[in-house]
Each structure stands twice: as structure tokens, then as C-alpha cells.
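Student: Input file: model33.cif. Contents: mmCIF, C-alpha atoms and all ligand atoms.
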```cif
data_query
loop_
_atom_site.label_atom_id
_atom_site.label_comp_id
_atom_site.auth_asym_id
_atom_site.auth_seq_id
_atom_site.Cartn_x
_atom_site.Cartn_y
_atom_site.Cartn_z
CA MET S 158 -119.42 15.59 -47.68
CA GLN S 159 -121.92 13.53 -49.65
CA ARG S 160 -123.71 16.71 -50.72
CA ASN S 161 -120.48 18.34 -51.88
CA LEU S 162 -119.63 15.32 -53.98
CA ARG S 163 -123.06 15.37 -55.62
CA PHE S 164 -122.68 19.08 -56.36
CA ALA S 165 -119.24 18.51 -57.88
CA LEU S 166 -120.67 15.79 -60.10
CA TRP S 167 -123.59 17.99 -61.18
CA PHE S 168 -121.17 20.82 -61.88
CA ALA S 169 -118.91 18.62 -64.03
CA VAL S 170 -121.87 17.29 -66.03
CA SER S 171 -123.20 20.81 -66.62
CA ILE S 172 -119.88 21.94 -68.00
CA ALA S 173 -119.64 18.88 -70.25
CA LEU S 174 -123.14 19.50 -71.61
CA SER S 175 -122.60 23.18 -72.25
CA ALA S 176 -119.34 22.35 -74.04
CA CYS S 177 -121.24 19.97 -76.32
CA GLY S 178 -123.70 22.72 -77.15
CA LYS S 179 -120.95 24.79 -78.67
CA ASP S 180 -120.22 22.20 -81.34
CA GLY S 181 -123.17 23.29 -83.47
CA ALA S 182 -122.99 24.21 -87.12
CA LYS S 183 -120.33 26.78 -87.75
CA PRO S 184 -121.04 29.53 -90.27
CA SER S 185 -119.35 28.97 -93.58
CA THR S 186 -116.34 31.14 -94.16
CA THR S 187 -115.99 30.37 -97.86
CA GLU S 188 -116.54 33.28 -100.18
CA PRO S 189 -118.59 33.22 -103.37
CA GLY S 190 -116.70 32.23 -106.48
CA LYS S 191 -114.83 35.12 -107.96
CA PRO S 192 -112.43 35.36 -110.85
CA ALA S 193 -108.87 34.44 -110.07
CA ALA S 194 -106.34 37.23 -109.83
CA GLY S 195 -105.09 38.12 -113.26
CA ALA S 196 -108.25 36.93 -115.02
CA VAL S 197 -109.01 39.13 -117.99
CA ALA S 198 -112.52 40.44 -118.44
CA VAL S 199 -114.18 39.18 -121.61
CA ALA S 200 -117.07 40.61 -123.55
CA PRO S 201 -120.23 38.63 -122.85
CA THR S 202 -121.66 36.74 -125.83
CA GLY S 203 -125.08 36.41 -124.23
CA LYS S 204 -124.98 32.64 -124.66
CA ILE S 205 -125.81 30.54 -121.60
CA ILE S 206 -124.88 26.86 -121.49
CA THR S 207 -126.71 24.95 -118.78
CA VAL S 208 -124.81 22.15 -117.08
CA GLN S 209 -126.84 19.96 -114.74
CA MET S 210 -125.24 18.60 -111.58
CA ILE S 211 -126.86 15.31 -110.76
CA ALA S 212 -126.65 12.38 -108.35
CA ASP S 213 -128.91 9.38 -108.89
CA GLU S 214 -128.74 5.60 -109.36
CA LYS S 215 -126.48 6.15 -112.39
CA GLY S 216 -124.02 8.07 -110.27
CA SER S 217 -122.87 11.62 -109.66
CA ARG S 218 -122.14 13.58 -112.81
CA TYR S 219 -122.31 16.73 -114.89
CA GLU S 220 -124.68 16.71 -117.86
CA PRO S 221 -123.14 17.42 -120.25
CA SER S 222 -119.65 16.66 -119.00
CA GLU S 223 -117.93 17.55 -122.26
CA ILE S 224 -118.62 21.20 -122.99
CA GLU S 225 -117.62 23.43 -125.87
CA ALA S 226 -117.87 27.17 -125.37
CA HIS S 227 -116.55 30.48 -126.57
CA ARG S 228 -114.95 33.12 -124.43
CA GLY S 229 -117.75 35.25 -123.02
CA ASP S 230 -120.26 32.42 -122.87
CA VAL S 231 -121.73 31.65 -119.45
CA LEU S 232 -121.69 28.15 -118.03
CA ARG S 233 -124.72 27.90 -115.77
CA PHE S 234 -124.08 24.99 -113.42
CA THR S 235 -127.50 24.03 -112.06
CA LEU S 236 -128.02 21.75 -109.10
CA GLY S 237 -130.39 18.88 -109.69
CA VAL S 238 -129.76 16.43 -106.88
CA GLY S 239 -126.98 16.18 -104.34
CA VAL S 240 -124.31 18.57 -103.11
CA HIS S 241 -121.76 19.52 -105.72
CA ASN S 242 -119.18 22.09 -106.71
CA VAL S 243 -117.07 23.02 -109.74
CA HIS S 244 -113.31 23.11 -109.43
CA PHE S 245 -110.84 23.73 -112.24
CA LEU S 246 -107.96 22.01 -110.50
CA ALA S 247 -104.55 23.61 -111.05
CA ASP S 248 -102.80 20.22 -110.86
CA SER S 249 -104.96 18.89 -113.69
CA ASN S 250 -104.57 22.04 -115.82
CA PRO S 251 -100.79 22.40 -115.80
CA GLY S 252 -99.41 25.69 -117.01
CA VAL S 253 -102.82 27.37 -117.15
CA THR S 254 -103.14 30.82 -115.61
CA GLY S 255 -106.40 32.54 -114.71
CA LEU S 256 -108.26 29.41 -113.62
CA PRO S 257 -111.51 30.32 -111.85
CA GLU S 258 -111.67 29.87 -108.09
CA PRO S 259 -113.48 26.71 -106.97
CA SER S 260 -117.19 27.34 -106.57
CA ASP S 261 -119.02 27.02 -103.28
CA MET S 262 -120.90 23.79 -102.66
CA LEU S 263 -124.34 24.02 -104.27
CA GLN S 264 -126.86 22.49 -101.88
CA LEU S 265 -130.35 23.69 -102.82
CA PRO S 266 -132.09 22.04 -105.80
CA GLY S 267 -132.27 24.60 -108.62
CA GLN S 268 -129.38 26.62 -107.20
CA THR S 269 -127.07 27.91 -109.93
CA TYR S 270 -123.48 28.93 -110.28
CA ASP S 271 -122.66 31.07 -113.31
CA LEU S 272 -119.16 30.97 -114.68
CA THR S 273 -118.22 33.30 -117.51
CA VAL S 274 -115.72 31.60 -119.78
CA ALA S 275 -112.59 33.74 -119.65
CA LEU S 276 -109.95 31.06 -120.25
CA ALA S 277 -107.75 31.24 -123.32
CA ALA S 278 -109.21 29.82 -126.52
CA GLY S 279 -107.75 26.81 -128.29
CA LYS S 280 -107.46 24.62 -125.21
CA THR S 281 -109.43 22.06 -123.25
CA TYR S 282 -109.66 22.43 -119.49
CA TYR S 283 -110.41 19.89 -116.81
CA PHE S 284 -112.90 20.44 -114.00
CA GLN S 285 -114.32 18.28 -111.23
CA CYS S 286 -116.65 18.09 -108.29
CA ASP S 287 -114.37 17.75 -105.28
CA PRO S 288 -116.49 15.37 -103.15
CA HIS S 289 -117.48 13.17 -106.10
CA VAL S 290 -114.39 13.00 -108.29
CA PRO S 291 -113.69 9.47 -106.92
CA LEU S 292 -117.13 8.56 -108.35
CA GLY S 293 -116.23 10.02 -111.74
CA MET S 294 -117.83 13.44 -111.45
CA LYS S 295 -115.56 15.37 -113.78
CA GLY S 296 -115.70 17.09 -117.12
CA HIS S 297 -113.87 19.05 -119.76
CA LEU S 298 -114.42 22.53 -121.11
CA LYS S 299 -113.13 23.16 -124.62
CA VAL S 300 -112.78 26.86 -125.35
CA ASP S 301 -112.91 27.83 -129.03
CU CU N 401 -120.61 16.22 -106.77
#
```
Please express what this file holds, its structure, as C-alpha cells.
Tutor:
Amino acid sequence: MQRNLRFALWFAVSIALSACGKDGAKPSTTEPGKPAAGAVAVAPTGKIITVQMIADEKGSRYEPSEIEAHRGDVLRFTLGVGVHNVHFLADSNPGVTGLPEPSDMLQLPGQTYDLTVALAAGKTYYFQCDPHVPLGMKGHLKVD
């Protein structure tokens, strides 16, 4: 009887431990950023505008955060420090069609995310970093 109880206890603990082991990192299911449905292809201008994504004692931010670009320019978001993304939020860009999909989270220093400007000219668009928008990590893209 005593032996059976001990075995039952061992068995229960083994199951609990093996269950814990399954809680490891799950593979990401997010897909790389791709143009939203309906986005119109634009002729590349060959111009690349680098936007640093930074987190330090001054806070989390884009540098620059106010960007002017032409259709066909490439915004090259480059990770400096931290984990950041770029999201042109539909709620903050009312009435705009063809907003780019949110980028993946950039996690490796030096990692880049290229976004070809395909939004309509003559407007200013809002974008943000989803985890850091409460800390003020947001910016505007003016398309000329
Ligand atoms: Cu961020």
C-alpha cells in the first residue's frame, strides 16, 4: 500500500513536470510585413531614409520621428536598442486605404525593416511602436 502511494505520487509529479516542459517558446506565427491588399505599386526613387529605433535613458523613440518622403522612397527602420515595431494604425489614420501591415518586432541590433512609401501624396500619416506608444514612441510620415 505504502509503495503504491509513493508510485502514484511519483507518477503525478512526472506528469506535472513534463507538462511544464511543453510551455517553452512557441514559434512565431507572424508573417513578414507585406503591402496591404489594394496597395498600388510605386516606382522606386532610389532614395533611402534611415529611421533609427532607439531606447535609452531619454526614452523609446524614432529618430527622426517626423519624416518627409516621396512616393517610391524607402523608409529603412533600423533597430538600435530595444524591441520595436512600426504600425500605421488604422484608427489613427481615419479614411486612409492601403496602410502597410504592421511590421514584425525588430529584436536584433542593426536589424532593418524597409518600407516603400506607397501612400497617397499630400497627406501626413501617423505611425507608432505598439509596445512603446504609452512612452511616446510615435511619429508622422508626410508624403509629398
Ligand atoms: Cu518600441
Student: What separation in Å, quoted to one decimal, exists between CA of Asp287 (chain S) and CA of Ile205 (chain S)?
Tutor: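 For CA of Asp287 (chain S) relative to CA of Ile205 (chain S), the distance reads 23.7 Å.
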Student: Work out how far CA of Tyr219 (chain S) is from CA of Asp261 (chain S), in Å to one decimal.
Tutor: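 Distance reported for this atom pair: 15.9 Å.
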Student: Env of His289 (chain S): 12 Å cut, atoms = all atoms listed in the file, seq-sep filter 5 positions within chain, self excluded. Answer as a list in words.
Tutor: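 Counting all atoms listed in the file, the residues come to Met210, Ile211, Ala212, Gly216, Ser217, Arg218, Tyr219, Gly239, Val240, His241, Asn242, Val243, His244, Met262, Phe284, Met294, Lys295 and Gly296 of chain S.
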Student: State, in Å with one decimal place, the distance from CA of Thr235 (chain S) to CA of Val290 (chain S).
Tutor: 17.5 Å
Student: Counting only C-alpha atoms, which residue out of S:Cys286, S:Leu236, S:Leu265, S:Ala277 sits closest to Gly252 (chain S)?
Tutor: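 Nearest to Gly252 (chain S): S:Ala277.
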Student: Looking at S:Thr273, S:Ser249, S:Gln209, S:Thr281, which one is nearest to ligand CU 401 (chain N), with distances taken over all atoms listed in the file?
Tutor: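 When distances to ligand CU 401 (chain N) are compared using all atoms listed in the file, the smallest one comes from S:Gln209.
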Student: Find the residue from S:Pro201, S:Ser260, S:Thr207, S:Phe245 that sits nearest to Val274 (chain S); use only C-alpha atoms when measuring.
Tutor: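 Nearest to Val274 (chain S): S:Pro201.
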Student: Go through S:Gly203, S:Pro291, S:Gly267, S:Gly237 and flag the residue nearest Glu220 (chain S), using all atoms listed in the file for the distances.
Tutor: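 The answer is S:Gly237, which sits nearest to Glu220 (chain S).
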Student: Taking only C-alpha atoms and all ligand atoms into account, name the residue in S:Thr254, S:Gln264, S:Thr202, S:Thr269 that is nearest to ligand CU 401 (chain N).
Tutor: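 Nearest to ligand CU 401 (chain N): S:Gln264.
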Student: Name the closest residue to Leu232 (chain S) among the candidates S:Gly279, S:Gln268, S:Gly293, S:Lys204; distances are taken between atoms, counting only C-alpha atoms.
Tutor: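 Among the listed residues, the smallest separation from Leu232 (chain S) belongs to S:Lys204.
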Student: Would you kindly return, as a PyMOL selection string, each protein, DNA or RNA residue with an atom no farther than 8 Å from any atom of Leu298 (chain S), considering all atoms listed in the file and excluding same-chain residues fewer than 2 positions away?
Tutor: chain S and resi 223-226+281-284+296+300
Student: Store the residues picked out above in a file with C-alpha atoms, as a PDB file, keeping the file's coordinate frame.
Tutor:
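Printed below is out-v9.pdb as written:
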```pdb
ATOM      1  CA  GLU S 223    -117.930  17.550-122.260  1.00  0.00           C
ATOM      2  CA  ILE S 224    -118.620  21.200-122.990  1.00  0.00           C
ATOM      3  CA  GLU S 225    -117.620  23.430-125.870  1.00  0.00           C
ATOM      4  CA  ALA S 226    -117.870  27.170-125.370  1.00  0.00           C
ATOM      5  CA  THR S 281    -109.430  22.060-123.250  1.00  0.00           C
ATOM      6  CA  TYR S 282    -109.660  22.430-119.490  1.00  0.00           C
ATOM      7  CA  TYR S 283    -110.410  19.890-116.810  1.00  0.00           C
ATOM      8  CA  PHE S 284    -112.900  20.440-114.000  1.00  0.00           C
ATOM      9  CA  GLY S 296    -115.700  17.090-117.120  1.00  0.00           C
ATOM     10  CA  VAL S 300    -112.780  26.860-125.350  1.00  0.00           C
TER      11      VAL S 300
END
```
